[in-house]
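S.K.: Contents of entry.txt (compact mmCIF, C-alpha atoms and all ligand atoms):
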# COMPACT_ATOMS: atom_id res chain seq x y z
CA MET O 1 12.45 -22.09 -7.79
CA SER O 2 10.10 -23.71 -10.32
CA THR O 3 10.28 -22.79 -14.02
CA LYS O 4 6.60 -23.64 -14.53
CA GLN O 5 4.29 -20.70 -15.14
CA ASP O 6 2.45 -19.14 -12.19
CA ILE O 7 -1.21 -19.87 -12.90
CA ARG O 8 -2.26 -16.81 -10.92
CA ALA O 9 -0.63 -14.58 -13.54
CA LEU O 10 -3.36 -15.64 -16.01
CA THR O 11 -6.58 -13.71 -16.46
CA LYS O 12 -9.88 -15.54 -16.44
CA ASN O 13 -10.02 -15.36 -20.23
CA GLU O 14 -6.52 -16.78 -20.55
CA LEU O 15 -7.52 -19.67 -18.30
CA ARG O 16 -10.59 -20.33 -20.44
CA GLU O 17 -8.41 -20.27 -23.55
CA PHE O 18 -5.95 -22.67 -21.93
CA PHE O 19 -8.67 -25.26 -21.30
CA LYS O 20 -9.95 -24.81 -24.85
CA SER O 21 -6.43 -25.47 -26.17
CA GLN O 22 -6.43 -28.70 -24.14
CA GLY O 23 -9.68 -29.80 -25.81
CA ASP O 24 -11.62 -29.22 -22.58
CA LYS O 25 -14.63 -27.06 -21.74
CA THR O 26 -13.87 -23.33 -21.33
CA PHE O 27 -15.96 -23.11 -18.13
CA ARG O 28 -13.22 -25.11 -16.39
CA GLY O 29 -11.27 -21.84 -16.60
CA ASN O 30 -14.00 -20.14 -14.54
CA GLN O 31 -13.87 -22.93 -11.97
CA VAL O 32 -10.10 -22.68 -11.59
CA TYR O 33 -10.29 -18.88 -11.41
CA GLU O 34 -12.83 -19.13 -8.62
CA TRP O 35 -10.64 -21.56 -6.69
CA LEU O 36 -7.65 -19.30 -7.05
CA TRP O 37 -9.25 -15.97 -6.22
CA SER O 38 -12.53 -16.44 -4.31
CA LYS O 39 -11.63 -19.59 -2.41
CA GLY O 40 -7.92 -18.86 -1.99
CA ALA O 41 -6.71 -22.34 -3.03
CA HIS O 42 -2.96 -22.87 -2.66
CA THR O 43 -2.85 -26.37 -4.21
CA PHE O 44 -4.50 -28.03 -7.19
CA GLU O 45 -5.65 -30.92 -4.95
CA GLU O 46 -8.02 -28.52 -3.21
CA MET O 47 -9.95 -28.01 -6.48
CA THR O 48 -12.34 -30.84 -5.75
CA ASN O 49 -14.85 -30.14 -8.52
CA LEU O 50 -12.14 -30.93 -11.11
CA SER O 51 -11.32 -34.51 -12.07
CA LYS O 52 -8.09 -36.07 -10.81
CA ALA O 53 -6.74 -36.10 -14.39
CA THR O 54 -7.42 -32.35 -14.78
CA ARG O 55 -5.74 -31.54 -11.47
CA GLU O 56 -2.69 -33.58 -12.52
CA MET O 57 -2.58 -31.85 -15.90
CA LEU O 58 -2.62 -28.45 -14.13
CA GLN O 59 0.08 -29.63 -11.75
CA GLN O 60 2.29 -30.54 -14.72
CA ASN O 61 1.87 -27.16 -16.38
CA PHE O 62 1.65 -24.64 -13.57
CA VAL O 63 2.58 -23.66 -10.05
CA ILE O 64 0.47 -21.62 -7.66
CA ASN O 65 2.76 -18.97 -6.23
CA HIS O 66 1.46 -17.56 -3.02
CA ILE O 67 2.61 -15.70 0.03
CA GLU O 68 3.12 -17.11 3.53
CA VAL O 69 2.81 -15.22 6.79
CA ASP O 70 6.30 -15.92 8.11
CA ASP O 71 6.11 -14.04 11.37
CA MET O 72 3.34 -12.18 13.16
CA GLN O 73 3.51 -9.71 16.03
CA ARG O 74 0.35 -8.63 17.82
CA SER O 75 0.48 -5.39 19.75
CA SER O 76 -1.39 -4.69 22.98
CA ASP O 77 -3.45 -2.10 21.03
CA GLY O 78 -4.59 -4.83 18.60
CA THR O 79 -2.28 -3.92 15.70
CA VAL O 80 -1.09 -7.04 13.87
CA LYS O 81 2.17 -6.81 11.99
CA ASN O 82 3.09 -9.53 9.50
CA ALA O 83 6.36 -10.42 7.85
CA ILE O 84 5.21 -11.90 4.55
CA ARG O 85 7.48 -14.34 2.75
CA LEU O 86 7.11 -14.29 -1.04
CA HIS O 87 7.53 -17.36 -3.26
CA ASP O 88 11.20 -16.47 -3.92
CA GLY O 89 12.02 -16.06 -0.23
CA LEU O 90 12.01 -12.24 -0.09
CA VAL O 91 10.14 -10.58 2.77
CA VAL O 92 7.73 -7.62 2.91
CA GLU O 93 5.45 -6.32 5.62
CA SER O 94 1.71 -5.89 5.94
CA VAL O 95 -0.14 -4.54 8.94
CA LEU O 96 -3.70 -4.81 10.25
CA ILE O 97 -4.65 -1.64 12.10
CA PRO O 98 -7.89 -1.78 14.08
CA THR O 99 -9.58 1.40 15.30
CA GLU O 100 -12.96 1.90 16.91
CA ASN O 101 -15.06 1.58 13.79
CA ARG O 102 -12.75 0.25 11.09
CA THR O 103 -9.95 -2.17 10.33
CA THR O 104 -7.31 -1.01 7.90
CA ALA O 105 -4.72 -3.00 5.98
CA CYS O 106 -1.42 -1.27 5.35
CA VAL O 107 0.23 -3.09 2.44
CA SER O 108 3.57 -3.08 0.63
CA SER O 109 4.08 -2.52 -3.08
CA GLN O 110 7.82 -3.22 -3.46
CA VAL O 111 10.49 -5.30 -1.74
CA GLY O 112 12.66 -2.54 -0.28
CA CYS O 113 12.61 0.90 -1.89
CA SER O 114 14.82 2.83 -4.29
CA LEU O 115 13.97 6.19 -2.70
CA ASN O 116 16.18 7.04 0.18
CA CYS O 117 14.01 8.83 2.73
CA LYS O 118 16.28 9.43 5.69
CA PHE O 119 13.68 8.67 8.35
CA CYS O 120 12.55 5.34 6.90
CA ALA O 121 13.60 1.83 7.93
CA THR O 122 12.60 0.43 4.53
CA ALA O 123 15.16 2.69 2.85
CA ARG O 124 17.86 0.59 4.52
CA LEU O 125 16.76 -2.38 2.41
CA LYS O 126 17.82 -1.70 -1.15
CA LYS O 127 15.07 -2.18 -3.70
CA MET O 128 15.01 -5.83 -4.73
CA ARG O 129 11.94 -5.95 -6.96
CA ASN O 130 8.36 -4.86 -7.55
CA LEU O 131 5.55 -6.95 -6.14
CA ASN O 132 3.28 -8.69 -8.64
CA PRO O 133 -0.43 -7.84 -8.61
CA ASP O 134 -1.26 -11.17 -6.96
CA GLU O 135 1.33 -10.61 -4.22
CA ILE O 136 -0.29 -7.27 -3.42
CA TYR O 137 -3.75 -8.80 -3.55
CA ASP O 138 -2.67 -11.70 -1.32
CA GLN O 139 -1.52 -9.35 1.44
CA VAL O 140 -4.96 -7.77 1.48
CA ALA O 141 -6.70 -11.16 1.42
CA ALA O 142 -4.50 -12.42 4.31
CA ILE O 143 -5.24 -9.32 6.39
CA ASN O 144 -8.92 -9.62 5.60
CA GLN O 145 -8.77 -13.12 7.13
CA GLN O 146 -7.03 -11.71 10.21
CA SER O 147 -9.68 -9.00 10.49
CA LEU O 148 -12.41 -11.66 10.39
CA HIS O 149 -10.53 -13.83 12.87
CA TYR O 150 -9.69 -11.16 15.45
CA TYR O 151 -12.44 -8.60 14.96
CA ASN O 152 -15.28 -10.56 13.42
CA HIS O 153 -15.72 -8.26 10.47
CA LYS O 154 -14.20 -7.74 7.06
CA LEU O 155 -11.46 -5.30 6.31
CA SER O 156 -12.92 -1.82 5.84
CA ASN O 157 -9.97 0.16 4.40
CA ILE O 158 -6.66 -0.29 2.62
CA VAL O 159 -3.68 2.06 2.55
CA PHE O 160 -0.67 1.58 0.29
CA MET O 161 1.68 2.91 2.91
CA GLY O 162 3.86 -0.12 3.57
CA MET O 163 7.22 -0.84 2.00
CA GLY O 164 7.99 0.74 -1.36
CA GLU O 165 6.76 3.62 -3.49
CA PRO O 166 3.47 2.46 -5.08
CA LEU O 167 3.74 4.83 -8.04
CA MET O 168 7.09 3.25 -8.97
CA ASN O 169 5.14 0.00 -9.40
CA TYR O 170 2.16 1.67 -10.97
CA ASN O 171 0.79 -1.00 -13.32
CA ASN O 172 0.91 -3.80 -10.76
CA VAL O 173 -0.65 -1.64 -8.04
CA LEU O 174 -3.50 -0.70 -10.37
CA LYS O 175 -4.04 -4.32 -11.43
CA ALA O 176 -4.15 -5.36 -7.77
CA ILE O 177 -6.68 -2.63 -6.97
CA GLU O 178 -8.78 -3.78 -9.90
CA LYS O 179 -8.90 -7.27 -8.42
CA ILE O 180 -9.49 -6.06 -4.85
CA THR O 181 -12.47 -3.99 -6.01
CA SER O 182 -13.92 -6.62 -8.39
CA GLU O 183 -16.83 -8.81 -7.34
CA GLU O 184 -14.70 -11.90 -7.95
CA GLY O 185 -12.03 -10.50 -5.64
CA LEU O 186 -12.92 -8.77 -2.40
CA GLY O 187 -15.58 -6.42 -3.78
CA MET O 188 -14.23 -3.42 -1.88
CA SER O 189 -15.14 0.13 -2.84
CA PRO O 190 -12.21 2.11 -4.32
CA LYS O 191 -13.26 4.97 -2.03
CA ARG O 192 -11.95 2.86 0.85
CA ILE O 193 -8.52 2.55 -0.73
CA THR O 194 -5.76 5.15 -0.39
CA VAL O 195 -2.57 5.15 -2.42
CA SER O 196 0.11 7.02 -0.54
CA THR O 197 3.02 8.38 -2.57
CA SER O 198 6.13 10.28 -1.68
CA GLY O 199 5.20 12.45 -4.67
CA VAL O 200 6.01 11.42 -8.23
CA PRO O 201 4.46 14.22 -10.33
CA LYS O 202 4.46 12.38 -13.67
CA MET O 203 2.61 9.40 -12.20
CA ILE O 204 0.13 11.57 -10.29
CA LYS O 205 -0.84 13.15 -13.63
CA LYS O 206 -1.13 9.73 -15.23
CA MET O 207 -3.48 8.57 -12.46
CA ALA O 208 -5.53 11.72 -12.90
CA ASP O 209 -5.81 11.06 -16.65
CA GLU O 210 -7.02 7.54 -15.95
CA GLU O 211 -9.63 8.98 -13.58
CA VAL O 212 -8.96 6.44 -10.86
CA LYS O 213 -11.54 6.28 -8.10
CA PHE O 214 -9.32 5.63 -5.08
CA ASN O 215 -7.92 8.29 -2.74
CA LEU O 216 -4.53 9.93 -2.98
CA ALA O 217 -2.22 10.76 -0.07
CA VAL O 218 1.17 12.44 -0.32
CA SER O 219 3.95 12.02 2.25
CA LEU O 220 4.88 15.66 2.39
CA HIS O 221 6.78 16.23 5.66
CA SER O 222 7.97 19.67 4.57
CA ALA O 223 6.68 22.35 2.21
CA ILE O 224 10.13 23.94 1.96
CA ASP O 225 12.27 22.47 -0.84
CA GLU O 226 15.53 22.76 1.08
CA VAL O 227 14.21 20.94 4.13
CA ARG O 228 12.34 18.33 2.13
CA THR O 229 15.41 17.55 0.03
CA SER O 230 17.47 17.05 3.19
CA ILE O 231 15.10 14.33 4.45
CA MET O 232 13.76 13.05 1.09
CA PRO O 233 16.69 13.45 -1.34
CA PHE O 234 14.65 12.69 -4.50
CA ASN O 235 12.94 16.07 -3.89
CA GLU O 236 16.00 17.62 -5.53
CA THR O 237 14.64 16.55 -8.92
CA LEU O 238 10.96 15.88 -8.12
CA ASN O 239 10.54 19.21 -6.33
CA LEU O 240 7.57 20.91 -4.69
CA THR O 241 6.79 23.16 -7.69
CA ASP O 242 6.30 20.10 -9.91
CA LEU O 243 4.45 18.30 -7.13
CA ILE O 244 1.90 21.04 -6.60
CA GLU O 245 1.38 21.41 -10.34
CA SER O 246 0.60 17.67 -10.59
CA LEU O 247 -1.72 17.86 -7.58
CA LYS O 248 -3.65 20.75 -9.10
CA TYR O 249 -4.02 18.64 -12.22
CA TRP O 250 -5.16 15.68 -10.10
CA TYR O 251 -7.83 17.79 -8.42
CA SER O 252 -9.02 19.34 -11.68
CA LYS O 253 -9.60 15.85 -13.10
CA THR O 254 -10.85 13.88 -10.08
CA LYS O 255 -12.32 16.52 -7.72
CA SER O 256 -10.89 14.33 -4.99
CA ARG O 257 -9.34 15.96 -1.91
CA VAL O 258 -5.69 15.05 -1.30
CA THR O 259 -4.36 14.04 2.12
CA TYR O 260 -0.92 15.29 3.15
CA GLU O 261 0.91 12.97 5.53
CA TYR O 262 3.20 14.98 7.74
CA VAL O 263 5.53 14.07 10.60
CA VAL O 264 6.85 16.87 12.80
CA TRP O 265 10.42 16.24 13.96
CA ASP O 266 12.36 18.06 16.61
CA GLY O 267 14.72 20.62 15.08
CA ILE O 268 13.83 19.71 11.48
CA ASN O 269 10.38 21.08 10.69
CA ASP O 270 8.99 22.28 14.03
CA ASP O 271 9.58 26.01 13.42
CA LYS O 272 7.22 28.83 12.42
CA LYS O 273 8.60 29.03 8.88
CA SER O 274 7.75 25.35 8.27
CA ILE O 275 4.23 25.82 9.60
CA GLN O 276 3.63 28.85 7.40
CA ALA O 277 5.00 27.00 4.37
CA LEU O 278 2.57 24.11 4.98
CA VAL O 279 -0.36 26.51 5.37
CA ASN O 280 0.56 28.14 2.03
CA PHE O 281 0.98 24.75 0.35
CA CYS O 282 -2.46 23.68 1.54
CA LYS O 283 -4.12 26.66 -0.11
CA HIS O 284 -3.52 25.34 -3.63
CA ILE O 285 -6.23 22.64 -3.65
CA PRO O 286 -8.80 21.17 -1.23
CA CYS O 287 -6.86 18.93 1.11
CA LYS O 288 -6.50 17.69 4.64
CA VAL O 289 -3.43 17.15 6.77
CA ASN O 290 -2.65 14.05 8.84
CA LEU O 291 -0.04 14.85 11.47
CA ILE O 292 1.52 11.47 12.17
CA GLU O 293 3.34 10.50 15.32
CA TYR O 294 6.79 9.18 14.45
CA ASN O 295 7.83 5.56 14.96
CA PRO O 296 11.53 5.99 15.66
CA ILE O 297 14.11 3.91 13.86
CA ASP O 298 17.54 3.29 15.24
CA ASP O 299 18.81 6.80 14.43
CA ASP O 300 19.59 9.92 16.49
CA THR O 301 18.61 12.49 13.86
CA PHE O 302 14.85 12.02 13.90
CA LYS O 303 12.96 12.63 17.12
CA GLN O 304 9.28 13.30 17.55
CA ALA O 305 8.72 17.06 18.07
CA SER O 306 7.25 18.41 21.30
CA ASN O 307 3.51 18.65 21.91
CA THR O 308 3.87 22.44 21.78
CA ALA O 309 5.19 22.23 18.21
CA LEU O 310 2.39 19.85 17.25
CA ASN O 311 -0.21 22.16 18.80
CA ASN O 312 1.28 25.12 16.89
CA TYR O 313 0.75 23.21 13.66
CA ILE O 314 -2.82 22.31 14.60
CA SER O 315 -3.86 25.83 15.62
CA ASN O 316 -2.31 27.45 12.55
CA LEU O 317 -3.89 24.98 10.13
CA GLU O 318 -7.27 25.26 11.82
CA MET O 319 -7.04 29.04 11.81
CA HIS O 320 -6.90 28.78 8.00
CA ASP O 321 -9.82 26.31 7.87
CA ILE O 322 -7.60 23.41 6.89
CA ILE O 323 -8.78 20.01 8.16
CA VAL O 324 -6.15 18.45 10.39
CA ASN O 325 -6.10 15.07 12.15
CA VAL O 326 -3.50 13.71 14.51
CA ARG O 327 -2.63 10.06 13.90
CA ARG O 328 -1.19 8.47 17.01
CA SER O 329 1.39 5.79 16.50
CA ARG O 330 0.06 2.24 16.71
CA GLY O 331 1.77 -0.94 17.80
CA LYS O 332 4.41 0.81 19.90
CA ASP O 333 5.32 -2.41 21.72
CA ILE O 334 6.18 -4.23 18.46
CA ASP O 335 8.52 -3.33 15.57
CA ALA O 336 6.08 -0.70 14.48
CA ALA O 337 8.06 1.42 12.03
CA CYS O 338 7.61 0.19 8.49
CA GLY O 339 10.62 -1.89 7.41
CA GLN O 340 11.78 -2.86 10.91
CA LEU O 341 10.37 -6.37 10.85
CA ALA O 342 11.59 -7.08 7.31
CA ASN O 343 15.04 -5.74 8.23
CA LYS O 344 15.15 -8.41 10.93
CA LYS O 345 13.88 -11.25 8.76
CA SER O 346 15.81 -10.70 5.58
S1 LIG O 401 9.22 6.51 3.05
FE1 LIG O 401 8.31 5.32 1.37
S2 LIG O 401 9.26 6.21 -0.48
FE2 LIG O 401 10.55 6.83 1.27
S3 LIG O 401 12.16 5.25 1.40
FE3 LIG O 401 10.48 4.64 2.79
S4 LIG O 401 9.22 3.26 1.57
FE4 LIG O 401 10.51 4.41 0.13
Produce structure tokens that represent the structure in this file.
Ligand code: SF4

M.R.:
Amino acid sequence: MSTKQDIRALTKNELREFFKSQGDKTFRGNQVYEWLWSKGAHTFEEMTNLSKATREMLQQNFVINHIEVDDMQRSSDGTVKNAIRLHDGLVVESVLIPTENRTTACVSSQVGCSLNCKFCATARLKKMRNLNPDEIYDQVAAINQQSLHYYNHKLSNIVFMGMGEPLMNYNNVLKAIEKITSEEGLGMSPKRITVSTSGVPKMIKKMADEEVKFNLAVSLHSAIDEVRTSIMPFNETLNLTDLIESLKYWYSKTKSRVTYEYVVWDGINDDKKSIQALVNFCKHIPCKVNLIEYNPIDDDTFKQASNTALNNYISNLEMHDIIVNVRRSRGKDIDAACGQLANKKS
């Protein structure tokens, strides 16, 4: 691994200052920034509007760290799953999910995860490190290229629902979103971005205070502390009382409806008590519920609940005027569950 500094860690101003310190014109910093971020250059040689001497000087001082798509699986339903190799050899996953009128990128925020959700393949990879802002941005840029290539239009949405807990890598996720939404980056609206958390109350409040403009989703899966703790052990300390308090705070500050992600498993949360608990939980703030079909991992405990159980959820939520969508599993013929592909590659 090189000890030279990663040039992509510098802001535009820092690049301008660097050229000034070299006795050169500051606008060279703008040119390099454009090559790195708008034109996606991976080598200094590509920067053809710089002199050979300038390119060599940059080469001596910096490296350009970037991601590589190491493996790609394309499902019969059009879902594209990528194993992304980072500059230090670690692997994360990013997915392109096409639907009728949109293409969505599902991106990772950490290599592995420190939370130990029992139903999650990523949890089997211990947390190695946080992703840098440029590594998060690069996943989105790579999937945008795939969207253009396969579907002839730009990426329309982004969800932070890949590997890792985004709020445990808060600063880098926010910096990446800043770049994704900037005109020099991809110019996407923050309203098309959703950060999905397993529920870290302190960080939800922090986001609310910063009045972020993107959407918030919470992987809820149970509104009963006992059940939630059995499948998401961190709930023992970050419990539902604290979660709902932070979500009320979020809504009071942002007026933005929260989405609850919810998988119904056979024998775990498919009973009447669980349904009633979710209905009660949903009454606290304006929200909607996504009932997500489960992508099984190699484990006997978690099985998708019956259609009857799913229909019971839907009718009860609708009876209480709660918006509910069913999200069918995508990419069933590939390693669709998050973490499966990286488990194979690492
Ligand atoms: S579900 Fe999310 S928070 Fe839980 S272990 Fe998997 S990646 Fe981490």

S.K.: Calculate how many Å separate atom CA of Ala309 of chain O from atom CA of Trp265 of chain O, rounding to one decimal.

M.R.: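 Result for atom CA of Ala309 of chain O versus atom CA of Trp265 of chain O: 9.0 Å, one decimal.
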
S.K.: Can you tell me how far atom CA of Phe119 of chain O sits from atom CA of Leu291 of chain O, in Å to one decimal?

M.R.: 15.4 Å

S.K.: In Å, rounded to a single decimal, give me how far atom CA of Ser274 of chain O is from atom CA of Ser222 of chain O.

M.R.: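 Between atom CA of Ser222 of chain O and atom CA of Ser274 of chain O the gap is 6.8 Å.
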
S.K.: Counting only C-alpha atoms and all ligand atoms, what residues are within 12 Å of ligand LIG 401 (chain O), given as a ChimeraX atom specification?

M.R.: /O:92-93,107-127,160-169,195-200,217-221,228-229,231-235,261-263,294,297,337-340

S.K.: Find the spatial neighbours of Asp134 of chain O, counting all atoms listed in the file, within a cut-off of 9 Å - ignore same-chain residues fewer than 2 positions away - and output them as a ChimeraX atom specification.

M.R.: /O:8-9,65-66,131-132,136-139,172,175-176,179

S.K.: Report as number ranges by chain all protein, DNA and RNA residues lying within 8 Å of Thr254 of chain O, evaluated on only C-alpha atoms, omitting residues in the same chain fewer than 5 positions from it.

M.R.: O: 208, 211-213
